[in-house]
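Please read the structure below before turning to the comments.
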Amino acid sequence: MDFLPNLWFVLIAVLWVGYLFLEGFDLGVGMLMKLMARNERQRRVLLNTVGPVWDGNEVWLLTAGGATFAAFPHWYASLFSALYLPLVLVLLALIFRAVAFEYRGKAHRQSSRDLWDWAIALGSFVAAFGVGAMLALTTTGLPLNANGDRVGGPFAWFNGYAVLGGLAVVLFALVHALAFLALKTDGETRVRARRLLARWLPVALLPMAAWALLVAAGNGKTLPWLLLAAAVLAAGWAWAAARAHHEGRTFIALGLFLVLGVAAIFLAVYPNVLPSTLDAAFNLTVANASSSPYTLRLMSIVAAFGVPMVLAYQAWTYWVFRRRLTERNIPEPHAVGPVV
């Protein structure tokens with residue numbers, strides 16, 4: 001099998017890991033705007049922790065989708081057409097969420113701010129659930145025929161795997177956000193994030209663990225099971241670090257759990273990129289779904305220059321905004337007049 005299709009399969013998996021790791025905690029912070037924050041000042045603390053980085057984190061989603069389109073057009077066409085309705089909902093959720101981030105600070109009435117808070121919270125939930133459902137169905141299969149077209153109605157995709165994947169990403173995003181807030185804030189917000197994280201972390205990781213176990217069990221490979229065993233150890237480390245209030249170690253351990261779990265899932269389904277639940281002969285694979293060698297070579301050259309630049313810029317952004325935030329850093333709401 002050619003090297004470049006395999007390389008791009010790995011790179012797309014890395015892009016999804018990057019998205020779930022970075023966008024995961026800011027989707028979780030968005031949901032916690034309504035689940036954890038008790039007053040306006042605490043909600044503004046949460047908002048300011050992700051304010052400088054949330055739009056940069058979404059670049060990973062766009063890049064993952066774009067790389068799939070360019071490197072594996074048949075995978076992209078079958079997946080996005082079969083999941084047209086849920087992905088439209090994800091797109092609308094991301095739009096409402098982005099608009100709410102920009103417009104919330106311009107609202108003068110508390111009722112308007114509450115409306116934008118709900119847009120952020122619900123937009124974050126729908127986006128996380130939809131992406132999780134899509135990734136779960138990518139690894140467990142869709143009813144595709146020999147042409148790669150979906151068989152069945154517009155809700156043929158909706159099953160237990162979609163729900164499991166959606167819950168896996170939503171709950172991971174919530175505990176990842178709690179770890180991020182414990183690392184990024186101080187005062188009451190940090191104390192509450194620590195307490196909630198230590199209490200709910202083991203439960204919140206169960207759906208993602210169950211998803212990985214189901215995928216690994218359907219494929220007779222040894223390496224995914226070894227990675228899952230390491231992921232379990234990482235989850236145990238995260239819980240122990242959370243109970244000991246070691247915020248940095250907790251955040252790193254959760255990231256390690258994510259990397260190992262996603263790696264196990266993608267390795268278990270390889271060489272399939274989108275299995276068919278109708279007939280294994282209809283599976284889309286790394287070989288039959290990839291672009292031409294010329295396209296993959298050109299993409300590889302561009303990625304060799306572009307990816308390090310993006311990583312360096314994003315790392316610099318996080319370094320600049322590395323300080324902890326407290327309620328004391330948040331000024332009182334005040335009206336800003338127009339600039340003439």
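Chain labels A, B, ... are given in the sequence in which chains occur in the structure tokens; within each chain residues are numbered consecutively from 1, and ligands are likewise numbered from 1 in the order shown.
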TODO: Would you mind listing what lies within 12 Å of Tyr318 in chain A as a PyMOL selection string, with only C-alpha atoms counted and same-chain residues fewer than 2 positions away left out?
DONE: chain A and resi 22+49-54+56-57+184+311-316+320-324
Open item on the list: Neighbouring residues of Glu102 in chain A were defined as those with any atom within 10 Å, considering only C-alpha atoms; residues of the same chain fewer than 4 positions away were excluded. Please report them as a list in words.
Closed with: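 Result of the neighbour search: Gly51, Arg97, Ala98, Lys106 and Trp116 of chain A.
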Counting only C-alpha atoms, which residues of range 50-122 of chain A sit at most 12 Å from some atom of range 151-166 of chain A, and what is each one's closest atom pair with its distance in Å to one decimal, listed by chain and rising residue number, as CSV?
residue,atom,partner,partner_atom,distance
A:Ser78,CA,A:Val151,CA,11.0
A:Leu79,CA,A:Trp157,CA,10.2
A:Phe80,CA,A:Trp157,CA,11.3
A:Ser81,CA,A:Pro154,CA,9.8
A:Ala82,CA,A:Trp157,CA,7.2
A:Leu83,CA,A:Trp157,CA,6.9
A:Tyr84,CA,A:Pro154,CA,8.2
A:Leu85,CA,A:Pro154,CA,7.3
A:Pro86,CA,A:Phe155,CA,9.2
A:Leu87,CA,A:Trp157,CA,11.7
A:Val90,CA,A:Gly166,CA,11.7
Task: Residue among A:Leu181, A:Leu20, A:Ile95, A:Ala209 lying closest to Leu196 in chain A, counting only C-alpha atoms - done: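 The shortest atom-to-atom distance to Leu196 in chain A comes from A:Leu181.
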Open item on the list: Using only C-alpha atoms, can you tell me which of A:Gly123, A:Gly18, A:Pro73, A:Pro143 comes closest to Ala287 in chain A?
Closed with: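 That would be A:Pro73, the residue with the smallest distance to Ala287 in chain A.
Using only C-alpha atoms, the protein and nucleic acid residues lying no more than 8 Å from Thr285 in chain A, apart from those fewer than 2 places from it along its own chain, are A:Tyr270, A:Pro271, A:Asn272, A:Val273, A:Leu274, A:Pro275, A:Asn283, A:Ala287, A:Asn288, A:Ala289.
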Taking a cut-off of 12 Å and counting only C-alpha atoms, can you build a table that, for each residue of range 111-194 of chain A near range 244-255 of chain A, reports the nearest atom pair and how far apart they are in Å (one decimal), sorted by chain then residue number, as a tab-separated table?
residue	atom	partner	partner_atom	distance
A:Phe172	CA	A:Leu254	CA	8.8
A:Ala173	CA	A:Leu254	CA	10.3
A:Leu174	CA	A:Leu254	CA	11.6
A:Val175	CA	A:Leu254	CA	8.7
A:His176	CA	A:Leu254	CA	6.9
A:Ala177	CA	A:Phe251	CA	9.2
A:Leu178	CA	A:Phe251	CA	9.2
A:Ala179	CA	A:Phe251	CA	5.5
A:Phe180	CA	A:Phe251	CA	6.6
A:Leu181	CA	A:Glu247	CA	9.0
A:Ala182	CA	A:Glu247	CA	6.1
A:Leu183	CA	A:Glu247	CA	5.3
A:Lys184	CA	A:Glu247	CA	9.2
A:Thr185	CA	A:Glu247	CA	10.7
A:Asp186	CA	A:Glu247	CA	11.6
A:Arg190	CA	A:Glu247	CA	9.8
A:Val191	CA	A:His245	CA	9.5
A:Arg192	CA	A:His245	CA	11.6
A:Ala193	CA	A:Glu247	CA	10.1
A:Arg194	CA	A:His245	CA	6.7
Selection above as a file: N, CA and C atoms, as a CSV table (one decimal), in the first residue's frame:
chain,number,residue,atom,x,y,z
A,172,PHE,N,-16.4,14.4,27.9
A,172,PHE,CA,-14.9,14.7,28.0
A,172,PHE,C,-14.7,16.2,27.9
A,173,ALA,N,-15.4,16.9,27.1
A,173,ALA,CA,-15.3,18.3,27.0
A,173,ALA,C,-15.5,19.0,28.4
A,174,LEU,N,-16.5,18.5,29.1
A,174,LEU,CA,-16.9,19.1,30.4
A,174,LEU,C,-15.7,18.9,31.4
A,175,VAL,N,-15.2,17.7,31.5
A,175,VAL,CA,-14.2,17.5,32.5
A,175,VAL,C,-12.8,18.1,32.0
A,176,HIS,N,-12.6,18.1,30.7
A,176,HIS,CA,-11.4,18.8,30.2
A,176,HIS,C,-11.5,20.3,30.5
A,177,ALA,N,-12.7,20.9,30.4
A,177,ALA,CA,-12.9,22.3,30.7
A,177,ALA,C,-12.7,22.5,32.2
A,178,LEU,N,-13.1,21.6,33.0
A,178,LEU,CA,-12.9,21.8,34.5
A,178,LEU,C,-11.4,21.8,34.8
A,179,ALA,N,-10.7,20.9,34.2
A,179,ALA,CA,-9.2,20.8,34.4
A,179,ALA,C,-8.6,22.1,33.9
A,180,PHE,N,-9.1,22.6,32.7
A,180,PHE,CA,-8.5,23.9,32.2
A,180,PHE,C,-8.8,25.1,33.1
A,181,LEU,N,-10.0,25.1,33.6
A,181,LEU,CA,-10.4,26.2,34.5
A,181,LEU,C,-9.6,26.1,35.8
A,182,ALA,N,-9.4,24.9,36.4
A,182,ALA,CA,-8.6,24.8,37.6
A,182,ALA,C,-7.1,25.3,37.3
A,183,LEU,N,-6.7,25.1,36.1
A,183,LEU,CA,-5.3,25.5,35.7
A,183,LEU,C,-5.2,27.0,35.4
A,184,LYS,N,-6.4,27.6,34.9
A,184,LYS,CA,-6.3,28.9,34.3
A,184,LYS,C,-6.9,30.0,35.2
A,185,THR,N,-7.6,29.6,36.3
A,185,THR,CA,-8.3,30.6,37.1
A,185,THR,C,-7.8,30.5,38.6
A,186,ASP,N,-8.3,31.4,39.4
A,186,ASP,CA,-8.0,31.4,40.8
A,186,ASP,C,-9.2,31.8,41.6
A,190,ARG,N,-11.7,28.5,40.6
A,190,ARG,CA,-10.7,27.4,40.7
A,190,ARG,C,-11.1,26.3,41.7
A,191,VAL,N,-11.6,26.7,42.9
A,191,VAL,CA,-12.0,25.8,43.9
A,191,VAL,C,-13.2,24.9,43.5
A,192,ARG,N,-14.2,25.5,42.8
A,192,ARG,CA,-15.3,24.8,42.4
A,192,ARG,C,-14.9,23.8,41.2
A,193,ALA,N,-14.1,24.3,40.3
A,193,ALA,CA,-13.6,23.4,39.2
A,193,ALA,C,-12.9,22.2,39.8
A,194,ARG,N,-12.0,22.4,40.7
A,194,ARG,CA,-11.3,21.3,41.4
A,194,ARG,C,-12.2,20.3,42.0
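Here CA of Ala235 in chain A and CA of Val131 in chain A stand 22.0 Å from one another.
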Task: Residues near range 59-61 of chain A, cut-off 8 Å, only C-alpha atoms, skip fewer than 3 positions along chain, as a ChimeraX atom specification - done: /A:15-16,18-19,55-56,64-65
TODO: Kindly give the distance, in Å, that separates CA of Thr222 in chain A and CA of Val17 in chain A, rounded to a single decimal.
DONE: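 One can read the CA of Thr222 in chain A to CA of Val17 in chain A distance as 21.5 Å.
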Open item on the list: Considering only C-alpha atoms, can you say which of A:Leu223, A:Val302, A:Phe21, A:Leu89 comes closest to Leu256 in chain A?
Closed with: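 Under the stated criterion, the closest residue is A:Phe21.
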Open item on the list: So, with only C-alpha atoms as the atoms that count, which of A:Asn48, A:Asn329, A:Ser112, A:Thr139 lies closest to Ala264 in chain A?
Closed with: A:Thr139
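Closest approach to Arg104 in chain A among A:Leu227, A:Ile330, A:Leu27, A:Ile120: A:Ile120, based on only C-alpha atoms.
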TODO: Could you tell me which of A:Ala242, A:Met208, A:Val259, A:Leu47 comes closest to Ala230 in chain A if we count only C-alpha atoms?
DONE: A:Val259
Task: strand (DSSP E or B) per DSSP on the backbone: members of range 162-332 of chain A, as a ChimeraX atom specification - done: /A:185,272-274,276,284-285,325
